[in-house]
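Next comes run.txt, a file with compact mmCIF, C-alpha atoms.
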# COMPACT_ATOMS: atom_id res chain seq x y z
CA MET A 160 26.97 170.87 156.30
CA ARG A 161 30.04 172.17 157.98
CA SER A 162 32.20 173.95 155.38
CA CYS A 163 35.90 173.86 156.09
CA ARG A 164 34.97 172.84 159.62
CA HIS A 165 37.70 170.17 159.57
CA PHE A 166 39.84 171.94 156.95
CA PHE A 167 42.07 169.27 155.38
CA SER A 168 40.70 166.01 156.90
CA ILE A 169 43.66 164.09 155.48
CA HIS A 170 43.16 160.55 156.78
CA VAL A 171 43.46 158.48 153.65
CA LEU A 172 45.46 155.41 154.50
CA PRO A 173 44.82 155.52 158.26
CA HIS A 174 41.30 154.20 157.64
CA LEU A 175 42.75 150.84 156.64
CA LEU A 176 43.79 149.85 160.16
CA PRO A 177 40.46 148.66 161.60
CA ARG A 178 40.19 146.27 158.62
CA LEU A 179 43.72 145.00 159.11
CA SER A 180 43.03 144.05 162.74
CA ASN A 181 40.80 141.18 161.56
CA LEU A 182 43.16 140.17 158.78
CA ARG A 183 46.01 139.79 161.25
CA ALA A 184 44.49 136.69 162.88
CA ALA A 185 44.08 135.05 159.48
CA CYS A 186 47.81 135.23 158.90
CA PHE A 187 48.38 132.25 161.16
CA HIS A 188 46.03 129.99 159.18
CA VAL A 189 46.78 130.69 155.54
CA ASN A 190 49.72 130.51 153.23
CA ARG A 191 52.14 133.40 153.62
CA SER A 192 51.67 134.60 150.05
CA ILE A 193 47.88 134.62 150.44
CA CYS A 194 48.27 136.52 153.70
CA VAL A 195 50.37 139.21 152.03
CA ALA A 196 47.74 139.58 149.33
CA LEU A 197 45.01 139.95 151.94
CA LEU A 198 46.96 142.58 153.82
CA ALA A 199 47.67 144.47 150.63
CA ALA A 200 43.98 144.38 149.78
CA GLY A 201 43.24 145.77 153.21
CA VAL A 202 45.59 148.66 152.55
CA THR A 203 44.03 149.51 149.23
CA ALA A 204 40.56 149.26 150.78
CA CYS A 205 41.23 151.98 153.30
CA GLY A 206 38.43 154.33 154.17
CA THR A 207 35.73 151.71 154.64
CA THR A 208 33.79 151.41 157.84
CA SER A 209 33.42 147.66 157.81
CA THR A 210 35.81 145.42 159.70
CA ALA A 211 36.32 142.88 156.93
CA PRO A 212 35.71 142.64 153.20
CA VAL A 213 32.64 140.87 151.94
CA VAL A 214 33.52 138.04 149.57
CA GLN A 215 30.75 136.96 147.25
CA PRO A 216 30.61 133.14 147.05
CA GLU A 217 30.91 131.51 143.66
CA ALA A 218 27.86 129.89 142.15
CA PRO A 219 27.58 126.26 143.39
CA ALA A 220 28.59 123.54 140.98
CA SER A 221 26.07 120.90 139.90
CA GLN A 222 26.15 117.40 141.40
CA SER A 223 27.93 116.10 138.31
CA GLY A 224 30.74 118.56 138.94
CA ALA A 225 29.98 120.72 135.92
CA LYS A 226 29.50 124.40 136.42
CA PRO A 227 25.99 125.71 135.76
CA VAL A 228 25.47 127.45 132.44
CA ARG A 229 24.48 131.07 132.80
CA PRO A 230 22.04 132.55 130.30
CA PRO A 231 23.51 135.06 127.88
CA VAL A 232 23.29 138.66 128.86
CA HIS A 233 21.74 140.92 126.27
CA LYS A 234 23.08 144.43 126.49
CA PRO A 235 20.62 147.17 125.60
CA ALA A 236 21.42 149.34 122.65
CA ALA A 237 23.30 152.48 123.49
CA VAL A 238 21.07 155.49 123.94
CA VAL A 239 22.44 158.74 122.62
CA PRO A 240 21.65 161.46 125.17
CA PRO A 241 20.11 164.66 123.83
CA PRO A 242 22.45 167.62 123.51
CA PRO A 243 22.54 169.85 126.60
CA PRO A 244 20.67 173.13 126.38
CA PRO A 245 22.79 176.16 125.52
CA ARG A 246 24.37 177.99 128.41
CA PRO A 247 22.92 181.36 129.30
CA PRO A 248 25.11 184.19 128.02
CA LEU A 249 27.16 186.17 130.48
CA PRO A 250 25.93 189.67 131.27
CA ALA A 251 27.74 192.21 129.13
CA VAL A 252 29.31 193.94 132.14
CA TYR A 253 31.46 190.91 132.89
CA ALA A 254 32.93 190.91 129.42
CA VAL A 255 34.09 194.50 129.66
CA PRO A 256 37.92 194.45 129.54
CA ASP A 257 38.13 197.43 131.88
CA ALA A 258 36.44 195.44 134.67
CA GLN A 259 38.96 192.62 134.41
CA ILE A 260 41.87 195.05 134.23
CA ALA A 261 40.65 196.77 137.39
CA LEU A 262 40.37 193.38 139.07
CA GLN A 263 43.93 192.46 138.09
CA ARG A 264 45.24 195.58 139.80
CA LEU A 265 43.89 194.28 143.11
CA MET A 266 45.81 191.01 142.83
CA PRO A 267 49.37 190.34 144.01
CA ALA A 268 51.98 191.65 141.58
CA ARG A 269 53.77 188.29 141.62
CA LEU A 270 50.94 186.49 139.77
CA THR A 271 52.06 185.31 136.34
CA ASP A 272 48.52 184.89 134.98
CA ALA A 273 46.54 187.66 136.63
CA SER A 274 44.36 187.99 133.54
CA GLY A 275 43.37 184.32 133.79
CA TRP A 276 42.46 184.68 137.44
CA ALA A 277 40.44 187.79 136.67
CA ALA A 278 38.59 186.05 133.84
CA ASP A 279 37.69 183.02 135.98
CA ILE A 280 36.48 185.21 138.85
CA THR A 281 34.35 187.48 136.67
CA ASN A 282 32.96 184.49 134.78
CA ALA A 283 31.93 182.86 138.05
CA LEU A 284 30.24 186.04 139.25
CA GLY A 285 28.53 186.46 135.90
CA VAL A 286 27.15 182.93 135.61
CA LEU A 287 25.85 183.09 139.18
CA ARG A 288 24.32 186.54 138.53
CA ILE A 289 26.22 188.09 141.41
CA PRO A 290 26.89 191.84 141.06
CA LEU A 291 30.45 192.85 140.27
CA SER A 292 30.54 195.25 143.21
CA PRO A 293 33.68 196.30 145.11
CA GLU A 294 32.42 194.45 148.20
CA ASN A 295 31.85 191.19 146.33
CA VAL A 296 35.15 191.36 144.46
CA CYS A 297 37.14 192.09 147.60
CA SER A 298 35.31 189.36 149.52
CA VAL A 299 36.36 186.79 146.91
CA LEU A 300 39.95 188.04 146.75
CA ALA A 301 40.22 188.02 150.56
CA ILE A 302 39.15 184.37 150.75
CA ILE A 303 41.56 183.36 147.98
CA GLU A 304 44.45 185.13 149.67
CA GLN A 305 43.60 183.61 153.05
CA GLU A 306 43.09 180.06 151.82
CA SER A 307 45.76 179.60 149.16
CA SER A 308 47.67 182.83 148.45
CA PHE A 309 46.41 182.54 144.85
CA ASN A 310 47.42 178.92 144.22
CA ALA A 311 44.88 176.90 142.26
CA ASP A 312 46.02 173.65 143.90
CA PRO A 313 47.94 174.74 147.03
CA GLU A 314 50.58 172.55 148.58
CA VAL A 315 50.14 171.21 152.10
CA PRO A 316 53.42 171.54 154.02
CA ASN A 317 54.88 168.27 155.32
CA LEU A 318 52.04 166.25 153.82
CA PRO A 319 53.94 162.89 153.66
CA ARG A 320 54.90 163.31 157.32
CA ILE A 321 51.29 164.04 158.27
CA ILE A 322 50.03 160.93 156.49
CA THR A 323 52.75 158.73 157.99
CA ARG A 324 52.11 160.05 161.48
CA GLU A 325 48.41 159.32 161.18
CA ILE A 326 49.10 155.80 159.93
CA ASP A 327 51.39 155.11 162.90
CA ALA A 328 48.86 156.50 165.36
CA ARG A 329 46.11 154.22 164.11
CA ARG A 330 48.41 151.22 163.83
CA GLU A 331 49.20 151.60 167.52
CA ARG A 332 45.57 152.20 168.44
CA TYR A 333 44.47 148.92 166.86
CA SER A 334 47.60 146.95 167.88
CA ILE A 335 48.55 146.19 164.28
CA PRO A 336 52.10 144.81 163.79
CA GLN A 337 54.38 147.11 161.84
CA PHE A 338 55.13 144.43 159.24
CA VAL A 339 51.44 144.26 158.33
CA VAL A 340 51.38 147.92 157.35
CA ASP A 341 54.79 147.69 155.67
CA GLN A 342 53.67 144.77 153.50
CA GLY A 343 50.60 146.63 152.35
CA LEU A 344 52.44 149.87 151.58
CA GLN A 345 54.92 148.02 149.37
CA ARG A 346 52.11 146.94 147.06
CA LYS A 347 52.36 148.56 143.62
CA SER A 348 49.65 151.00 142.66
CA ARG A 349 48.12 151.36 139.22
CA ASP A 350 50.82 153.78 138.05
CA GLY A 351 53.60 151.29 138.84
CA ARG A 352 54.84 152.97 142.02
CA THR A 353 54.33 151.48 145.46
CA TYR A 354 51.91 153.19 147.79
CA ALA A 355 54.81 153.99 150.11
CA THR A 356 56.56 155.80 147.25
CA ARG A 357 53.45 157.74 146.35
CA ILE A 358 52.96 158.81 149.94
CA SER A 359 56.55 160.05 150.10
CA VAL A 360 55.98 162.48 147.21
CA LEU A 361 52.55 163.83 148.14
CA HIS A 362 52.31 167.60 147.82
CA THR A 363 48.68 168.66 147.44
CA GLU A 364 45.18 167.57 148.35
CA SER A 365 44.58 166.58 144.73
CA ASP A 366 47.52 164.15 145.04
CA VAL A 367 45.89 162.55 148.07
CA SER A 368 42.47 162.44 146.40
CA ARG A 369 43.88 160.72 143.29
CA LEU A 370 45.79 158.23 145.44
CA TYR A 371 42.60 157.36 147.29
CA GLU A 372 40.67 156.94 144.04
CA ASP A 373 43.39 154.70 142.59
CA MET A 374 43.23 152.45 145.65
CA PHE A 375 39.54 151.73 145.24
CA SER A 376 39.70 151.50 141.46
CA GLU A 377 41.70 148.31 142.02
CA LEU A 378 38.90 146.90 144.19
CA PRO A 379 35.64 147.83 142.44
CA ASP A 380 33.65 145.11 144.22
CA VAL A 381 34.73 146.33 147.64
CA ALA A 382 34.08 149.93 146.65
CA ALA A 383 30.59 149.02 145.40
CA VAL A 384 29.72 147.28 148.68
CA TYR A 385 31.15 149.77 151.14
CA GLN A 386 30.87 152.99 149.10
CA PRO A 387 33.95 154.57 150.67
CA ARG A 388 34.04 158.32 151.07
CA ASN A 389 37.00 160.25 149.79
CA PRO A 390 38.51 161.90 152.90
CA ILE A 391 39.54 165.09 151.08
CA ASN A 392 36.77 167.51 152.04
CA THR A 393 38.14 170.82 150.69
CA ALA A 394 39.89 171.74 147.48
CA GLY A 395 41.15 174.48 145.23
CA ALA A 396 42.19 178.09 145.52
CA MET A 397 39.29 178.92 147.85
CA GLN A 398 39.37 175.59 149.70
CA VAL A 399 35.73 175.07 148.81
CA ASN A 400 33.85 172.24 150.48
CA VAL A 401 33.64 169.40 147.93
CA ALA A 402 30.28 168.15 149.22
CA PHE A 403 28.85 171.64 148.79
CA ALA A 404 30.22 171.79 145.22
CA GLU A 405 28.53 168.52 144.32
CA GLU A 406 25.22 169.66 145.80
CA HIS A 407 25.46 173.01 144.01
CA ALA A 408 26.15 171.32 140.68
CA HIS A 409 22.92 169.33 141.12
CA ALA A 410 20.95 172.48 141.81
CA LYS A 411 22.51 174.67 139.12
CA PRO A 412 24.22 173.57 135.88
CA TYR A 413 27.99 173.73 136.06
CA PRO A 414 29.07 176.18 133.34
CA TYR A 415 32.20 174.30 132.29
CA GLY A 416 30.59 170.99 131.34
CA ARG A 417 27.88 168.59 132.47
CA ASN A 418 29.63 165.24 132.18
CA VAL A 419 32.62 166.10 134.35
CA SER A 420 33.74 165.07 137.81
CA VAL A 421 32.82 167.91 140.14
CA ARG A 422 35.46 166.72 142.60
CA HIS A 423 38.16 166.92 139.95
CA GLU A 424 36.91 170.33 138.82
CA THR A 425 37.29 171.77 142.32
CA PHE A 426 41.04 171.19 142.03
CA SER A 427 41.18 173.31 138.87
CA ARG A 428 41.36 177.08 138.99
CA ARG A 429 38.12 177.67 137.13
CA GLY A 430 36.18 175.09 139.12
CA GLY A 431 37.64 175.98 142.48
CA LEU A 432 36.83 179.64 141.94
CA TYR A 433 33.35 179.00 140.58
CA PHE A 434 32.24 176.83 143.50
CA GLY A 435 34.10 179.00 145.99
CA VAL A 436 32.31 182.12 144.79
CA ALA A 437 29.01 180.23 144.96
CA MET A 438 29.68 179.05 148.49
CA LEU A 439 30.61 182.55 149.63
CA LEU A 440 28.10 184.76 147.82
CA ASP A 441 25.33 182.73 146.16
CA TYR A 442 22.87 182.95 149.06
CA ALA A 443 20.99 185.69 150.86
CA ALA A 444 22.62 186.31 154.25
CA PRO A 445 21.05 188.74 156.76
CA TYR A 446 24.33 190.31 157.82
CA PRO A 447 25.29 193.99 158.05
CA THR A 448 28.96 193.38 157.16
CA PRO A 449 30.91 190.69 155.25
CA LEU A 450 32.58 189.60 158.53
CA TYR A 451 29.77 187.18 159.32
CA ARG A 452 29.68 185.86 155.77
CA PHE A 453 33.38 185.05 156.17
CA ALA A 454 32.50 183.18 159.36
CA ASP A 455 29.84 181.25 157.44
CA TYR A 456 32.42 180.31 154.84
CA ASN A 457 34.43 178.65 157.58
CA ALA A 458 31.61 177.22 159.67
CA GLY A 459 28.79 176.62 157.19
CA ARG A 460 26.07 178.72 155.62
CA PHE A 461 23.89 180.63 158.08
CA SER A 462 26.08 179.61 161.03
CA SER A 463 26.34 183.23 162.17
CA ARG A 464 22.56 183.61 162.04
CA ASN A 465 22.02 180.33 163.89
CA ALA A 466 24.66 181.20 166.50
CA ALA A 467 22.63 184.32 167.36
CA PHE A 468 19.53 182.13 167.65
CA GLN A 469 21.39 179.87 170.10
CA ASN A 470 22.62 182.82 172.16
CA ALA A 471 19.09 184.18 172.46
CA LEU A 472 17.76 180.74 173.34
CA ALA A 473 20.40 180.26 176.05
CA ARG A 474 19.33 183.50 177.73
CA LEU A 475 15.60 182.89 177.36
CA SER A 476 15.70 179.30 178.61
CA ASN A 477 18.59 179.59 181.09
CA THR A 478 20.22 176.68 179.29
CA PRO A 479 23.98 176.58 178.64
CA LEU A 480 24.44 176.26 174.87
CA VAL A 481 27.50 176.40 172.67
CA ALA A 482 26.72 178.82 169.85
CA ASP A 483 28.32 176.76 167.10
CA GLY A 484 25.65 177.45 164.49
CA ASP A 485 24.35 173.86 164.38
CA LEU A 486 20.82 173.70 165.75
CA LEU A 487 20.64 169.95 165.14
CA ILE A 488 23.10 167.07 165.44
CA TYR A 489 24.82 165.93 162.25
CA GLN A 490 26.62 162.68 161.49
CA ASP A 491 28.48 162.38 158.18
CA GLY A 492 26.50 165.32 156.86
CA ALA A 493 23.10 163.83 157.70
CA VAL A 494 20.73 164.97 160.45
CA SER A 495 20.72 162.64 163.44
CA MET A 496 17.49 161.51 165.05
CA MET A 497 18.97 162.31 168.46
CA PRO A 498 17.64 165.66 169.71
CA SER A 499 20.26 168.36 170.16
CA LEU A 500 20.55 170.55 173.25
CA THR A 501 19.05 173.36 171.17
CA GLN A 502 16.05 171.25 170.28
CA ARG A 503 15.59 170.17 173.90
CA ALA A 504 15.70 173.77 175.12
CA LEU A 505 13.09 174.76 172.53
CA THR A 506 10.91 171.78 173.45
CA ALA A 507 10.94 173.00 177.06
CA LEU A 508 9.63 176.34 175.76
CA ALA A 509 6.96 174.65 173.62
CA PRO A 510 4.02 175.84 175.78
CA LYS A 511 5.19 179.48 175.55
CA LEU A 512 5.79 179.12 171.82
CA GLY A 513 2.40 177.50 171.29
CA MET A 514 4.01 174.76 169.21
CA ALA A 515 4.13 171.00 169.43
CA PRO A 516 7.57 169.32 169.71
CA GLY A 517 7.09 167.78 166.27
CA ASP A 518 6.45 171.19 164.74
CA ILE A 519 9.59 172.55 166.39
CA ARG A 520 11.63 169.72 164.92
CA ARG A 521 10.04 170.29 161.49
CA ASP A 522 11.11 173.93 161.45
CA LEU A 523 14.59 173.17 162.79
CA MET A 524 15.14 170.94 159.76
CA LEU A 525 15.31 174.17 157.72
CA GLU A 526 18.16 175.64 159.79
CA LYS A 527 20.64 175.50 156.90
CA THR A 528 18.36 177.40 154.55
CA GLU A 529 17.10 180.92 154.07
CA GLN A 530 13.55 179.64 154.68
CA PHE A 531 14.28 179.11 158.40
CA MET A 532 13.68 182.82 159.00
CA SER A 533 10.16 182.43 157.58
CA THR A 534 9.15 179.54 159.83
CA LEU A 535 6.62 179.74 162.63
CA LEU A 536 9.35 178.76 165.09
CA TRP A 537 11.58 181.70 164.12
CA ARG A 538 8.77 184.24 164.30
CA ARG A 539 7.35 183.08 167.60
CA PHE A 540 10.73 182.57 169.23
CA PHE A 541 12.00 186.07 168.47
CA ALA A 542 8.64 187.57 169.36
CA LEU A 543 9.09 185.91 172.76
CA ALA A 544 12.74 187.01 173.01
CA ASP A 545 12.03 190.59 171.95
CA ALA A 546 9.26 190.86 174.54
CA THR A 547 11.86 190.67 177.32
CA GLY A 548 12.74 194.30 176.62
CA GLN A 549 16.21 193.50 175.25
CA PRO A 550 15.81 192.40 171.61
CA PRO A 551 18.69 190.00 170.84
CA PRO A 552 20.81 190.47 167.70
CA ARG A 553 20.07 188.31 164.66
CA PHE A 554 23.73 187.51 163.97
CA ALA A 555 26.71 186.45 166.11
CA MET A 556 30.15 184.91 165.66
CA PRO A 557 30.00 181.09 165.82
CA GLN A 558 32.07 179.63 168.65
CA ILE A 559 33.99 176.86 166.92
CA ALA A 560 37.48 175.51 167.51
CA VAL A 561 39.04 173.69 164.55
CA HIS A 562 41.51 170.85 165.05
CA SER A 563 43.41 169.23 162.20
CA PRO A 564 46.57 167.13 161.74
CA LYS A 565 47.72 169.85 159.36
CA PHE A 566 47.97 172.50 162.08
CA ASN A 567 50.07 172.63 165.22
CA ARG A 568 47.65 175.01 166.92
CA THR A 569 43.93 175.30 167.47
CA LEU A 570 42.12 177.58 165.05
CA THR A 571 38.78 179.27 165.61
CA THR A 572 36.07 180.50 163.32
CA SER A 573 36.32 183.91 164.97
CA GLY A 574 40.05 184.12 164.25
CA TYR A 575 39.55 182.99 160.67
CA ALA A 576 36.81 185.53 159.98
CA THR A 577 38.84 188.32 161.55
CA GLN A 578 41.88 187.55 159.37
CA VAL A 579 39.80 187.45 156.19
CA ASP A 580 38.05 190.67 157.19
CA GLY A 581 41.43 192.38 157.51
CA ARG A 582 42.35 191.31 153.98
CA PHE A 583 38.95 192.52 152.79
CA ALA A 584 39.53 195.95 154.37
CA ASN A 585 42.94 196.26 152.68
CA CYS A 586 41.41 195.38 149.32
CA MET A 587 38.67 197.96 149.74
CA ALA A 588 41.25 200.58 150.66
CA ARG A 589 43.21 199.81 147.47
CA GLN A 590 40.08 200.24 145.39
CA VAL A 591 39.38 203.62 146.96
CA ALA A 592 42.98 204.71 146.40
CA GLY A 593 42.80 203.46 142.82
CA ARG A 594 46.08 201.61 143.08
CA PRO A 595 47.22 198.01 143.77

Take the structure in the file and write it out as C-alpha cells.
Amino acid sequence: MRSCRHFFSIHVLPHLLPRLSNLRAACFHVNRSICVALLAAGVTACGTTSTAPVVQPEAPASQSGAKPVRPPVHKPAAVVPPPPPPRPPLPAVYAVPDAQIALQRLMPARLTDASGWAADITNALGVLRIPLSPENVCSVLAIIEQESSFNADPEVPNLPRIITREIDARRERYSIPQFVVDQGLQRKSRDGRTYATRISVLHTESDVSRLYEDMFSELPDVAAVYQPRNPINTAGAMQVNVAFAEEHAHAKPYPYGRNVSVRHETFSRRGGLYFGVAMLLDYAAPYPTPLYRFADYNAGRFSSRNAAFQNALARLSNTPLVADGDLLIYQDGAVSMMPSLTQRALTALAPKLGMAPGDIRRDLMLEKTEQFMSTLLWRRFFALADATGQPPPRFAMPQIAVHSPKFNRTLTTSGYATQVDGRFANCMARQVAGRP
C-alpha cells in the first residue's frame, strides 16, 4: 500500500473515455436518440476498465411466442443481527479536561471549535491505546496542519478546472469527438443537475467521491459486473488513505459505529482524525525520530525501514536500486507475480544467504509488516551486510517523487517529511514554553 503516494488521484470522469471510443462507431448504425443514451451511459459508467458494457440477454421466448414463466422467488425471513458488543471504555487520562485544554492551546487561534478537535484527537488516541505524550500529540497536529490546515474536508483549489483538463486530455488521447463528451455531460444526475453542472461546482474530494458514487448508482448492473474503484484515494483532515482506513476497520472495530460507510466516515472530522491517527501512530516503527514516521505517512508504512534495506542491498550486491520502500512490485494494491529488482538482487545473493529463491520471496511478502524484521531473510541479510565492517543503518528516507494533476510542481517524500518535521518541532517548542 502506498499511502498518499498519488495524493489526490482525481480522475473521475476521465475514465469514461476508453469506453466511449467503442460507442462512437455504433453512432453510425443506430437511431440518434439511442446513440445519445449509449453515450450518456458511457459517461456515467466512468472508471471501469472494460472497453464496452456487458448487456445481459433477455430470456428466450418459447416457440409459441409466449414468454417463459419464472418460478416465484421466496425471500428468506429477515434475520435480526445480534447487538454489537459494548465498546471498551476510554482510559481515564483521555477524559481529563486539563489534557484537552492543553491540546487546544497548541492549535491555531483561528479555530472556531478547538474543543471539538481536541476531543476527537484524544478520543482517537484513547481508543487506539496510544499514549497521550507530547511527541504523539505534536506528530498528529503537524500532519493535520500540513495536510489540511485544520479543515475536516479541505477544498482542492481549481478542482473543476483540474477535472475538465483531465477529461480533455483523455478525449484527445482516444480520439473521441467533443460532441460525444458534451452529450454525456449534459445528462441529468440523480439530484436533478447535469453532470457538467456538478463538475463546475466541485470543491472538495468528498464532492468528487459522491459524484462518482451517484454515477454508478444509476447503473447497478454495470457496477456489479465491473466493480469500479472510486478514484478518491485520500480524505479528511489528515488526508488518510481510504484503502488503509477500510483495512483498519476490518482489523479493529470502528468506535463510531459498525454499520457505517468507512469511506464516508473518512470525510468527517471524527473519522478522518481516527483513521489518520491510526495510520500515523498505530504501528511499531523502528525509528529514532518522528521524521521517518512522517515519511512513512507519505510513502506507506515501513517505507523508511525498507528504503534502508534497499540501500544496503544496492551496496552489497553492486546493483543500482531506487530506495522507494517497495521491495516488491504492486499493481492496484496487490503484489505482482513479476519479480522486482530488489527480489532479483536478493536471489543473486541466495547462495551467500543460504536461502532458496522461494524462501526469499516468502519473506519479502511480509515487507509491509512489523514481522519482516523477524524473518530469516532480514536476519541473514543484515548479518551479511554488517560483516563488511560498515554496518548499514536500519532506516533511510524513501526516494519518491510524487506527481499529481493537483500540483504544478513535483513533490518528494523527503520534502514532505521535512516540512512536517518543522511543524512538529514548532509544536514541541510551544509545549516547552507552555504557550500557544

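Contact shell of region 300-311 of chain A at 7 Å (only C-alpha atoms; same-chain neighbours under 2 positions omitted): A:Val296, A:Cys297, A:Ser298, A:Pro313, A:Gly395, A:Ala396, A:Met397, A:Gln398, A:Phe426, A:Ser427, A:Arg428, A:Val579, A:Arg582, A:Phe583.
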
* Which value, in Å to one decimal, gives the distance between CA of Pro390 (chain A) and CA of Asp366 (chain A)? ->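 Those two atoms sit 12.2 Å apart.
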
* Go through A:Ala515, A:Ile280, A:Ala410, A:His423 and flag the residue nearest Arg369 (chain A), using all atoms listed in the file for the distances. =>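 Going through A:Ala515, A:Ile280, A:Ala410, A:His423 one by one, the smallest distance to Arg369 (chain A) is for A:His423.
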
* region 494-506 of chain A environment, 10 Å, only C-alpha atoms, sequence neighbours closer than 5 positions dropped, as a PyMOL selection string -> chain A and resi 160+468-469+472-473+475-482+485-489+511-512+514-520+523-524+536+540

* Distance query 12 Å from (21.3, 172.3, 144.5) using all atoms listed in the file, result as a list in words -> Ala402, Phe403, Ala404, Glu405, Glu406, His407, Ala408, His409, Ala410, Lys411, Pro412, Tyr413, Phe434, Ala437, Met438, Asp441, Tyr442 and Thr528 of chain A

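Across the model, the gap from CA of Glu294 (chain A) to CA of Asp312 (chain A) is 25.2 Å.
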
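CA of Asp455 (chain A) is found 16.2 Å from CA of Leu525 (chain A).
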
* Proximity to Val315 (chain A) - best of A:Ala268, A:Ser274, A:Ala394, A:Asn282, all atoms listed in the file -> A:Ala394

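Summary of the local environment: counting only C-alpha atoms, residues at most 7 Å from Leu265 (chain A), other than itself and those fewer than 2 positions away along its chain, are A:Leu262, A:Gln263, A:Pro267, A:Cys586, A:Pro595.
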
* **Distance query Ala454 (chain A) at most 9 Å, only C-alpha atoms, self and fewer than 2 positions along chain excluded, as a VMD selection string** => chain A and resid 449 to 452 456 to 460 462 to 463 556 to 557 572 to 573 575 to 577

* Of the candidates A:Met532, A:Ala544, A:Ile321, A:Ala328, which one gets nearest to Leu508 (chain A) if we count all atoms listed in the file? -> A:Ala544

* **Residue with smallest distance to Asp350 (chain A) - pool A:Glu529, A:Met374, A:Gly435, A:Val286, counting all atoms listed in the file** => A:Met374

* In terms of the shortest atom-to-atom distance over only C-alpha atoms, which of A:Ile335, A:Leu318, A:Leu344, A:Leu432 is closest to Ser365 (chain A)? ->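 Once distances to Ser365 (chain A) are computed over only C-alpha atoms, the minimum belongs to A:Leu318.
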
For region 388-403 of chain A, where the input has fewer atoms than it should, I would like N, CA and C atoms rebuilt and written as a PDB file, in the frame of the given file.
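Written out: rebuild08.pdb:
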ATOM      1  N   ARG A 388      34.074 156.880 151.283  1.00  0.00           N
ATOM      2  CA  ARG A 388      34.040 158.320 151.070  1.00  0.00           C
ATOM      3  C   ARG A 388      35.459 158.859 150.983  1.00  0.00           C
ATOM      4  N   ASN A 389      35.706 159.616 149.936  1.00  0.00           N
ATOM      5  CA  ASN A 389      37.000 160.250 149.790  1.00  0.00           C
ATOM      6  C   ASN A 389      37.211 161.211 150.962  1.00  0.00           C
ATOM      7  N   PRO A 390      38.323 161.080 151.698  1.00  0.00           N
ATOM      8  CA  PRO A 390      38.510 161.900 152.900  1.00  0.00           C
ATOM      9  C   PRO A 390      38.884 163.350 152.631  1.00  0.00           C
ATOM     10  N   ILE A 391      39.190 163.704 151.380  1.00  0.00           N
ATOM     11  CA  ILE A 391      39.540 165.090 151.080  1.00  0.00           C
ATOM     12  C   ILE A 391      38.243 165.887 150.972  1.00  0.00           C
ATOM     13  N   ASN A 392      38.029 166.772 151.939  1.00  0.00           N
ATOM     14  CA  ASN A 392      36.770 167.510 152.040  1.00  0.00           C
ATOM     15  C   ASN A 392      36.823 168.889 151.390  1.00  0.00           C
ATOM     16  N   THR A 393      38.011 169.474 151.246  1.00  0.00           N
ATOM     17  CA  THR A 393      38.140 170.820 150.690  1.00  0.00           C
ATOM     18  C   THR A 393      39.158 170.810 149.566  1.00  0.00           C
ATOM     19  N   ALA A 394      39.007 171.774 148.648  1.00  0.00           N
ATOM     20  CA  ALA A 394      39.890 171.740 147.480  1.00  0.00           C
ATOM     21  C   ALA A 394      39.955 173.120 146.841  1.00  0.00           C
ATOM     22  N   GLY A 395      41.042 173.324 146.098  1.00  0.00           N
ATOM     23  CA  GLY A 395      41.150 174.480 145.230  1.00  0.00           C
ATOM     24  C   GLY A 395      41.629 175.751 145.888  1.00  0.00           C
ATOM     25  N   ALA A 396      41.649 176.802 145.086  1.00  0.00           N
ATOM     26  CA  ALA A 396      42.190 178.090 145.520  1.00  0.00           C
ATOM     27  C   ALA A 396      41.407 178.694 146.667  1.00  0.00           C
ATOM     28  N   MET A 397      40.107 178.388 146.766  1.00  0.00           N
ATOM     29  CA  MET A 397      39.290 178.920 147.850  1.00  0.00           C
ATOM     30  C   MET A 397      38.969 177.859 148.896  1.00  0.00           C
ATOM     31  N   GLN A 398      39.610 176.685 148.773  1.00  0.00           N
ATOM     32  CA  GLN A 398      39.370 175.590 149.700  1.00  0.00           C
ATOM     33  C   GLN A 398      37.868 175.364 149.898  1.00  0.00           C
ATOM     34  N   VAL A 399      37.171 175.251 148.784  1.00  0.00           N
ATOM     35  CA  VAL A 399      35.730 175.070 148.810  1.00  0.00           C
ATOM     36  C   VAL A 399      35.406 173.666 149.307  1.00  0.00           C
ATOM     37  N   ASN A 400      34.289 173.538 150.009  1.00  0.00           N
ATOM     38  CA  ASN A 400      33.850 172.240 150.480  1.00  0.00           C
ATOM     39  C   ASN A 400      33.360 171.407 149.294  1.00  0.00           C
ATOM     40  N   VAL A 401      33.945 170.210 149.102  1.00  0.00           N
ATOM     41  CA  VAL A 401      33.640 169.400 147.930  1.00  0.00           C
ATOM     42  C   VAL A 401      32.181 168.940 147.957  1.00  0.00           C
ATOM     43  N   ALA A 402      31.670 168.573 149.132  1.00  0.00           N
ATOM     44  CA  ALA A 402      30.280 168.150 149.220  1.00  0.00           C
ATOM     45  C   ALA A 402      29.341 169.278 148.808  1.00  0.00           C
ATOM     46  N   PHE A 403      29.668 170.506 149.215  1.00  0.00           N
ATOM     47  CA  PHE A 403      28.850 171.640 148.790  1.00  0.00           C
ATOM     48  C   PHE A 403      28.897 171.774 147.265  1.00  0.00           C
TER      49      PHE A 403
END
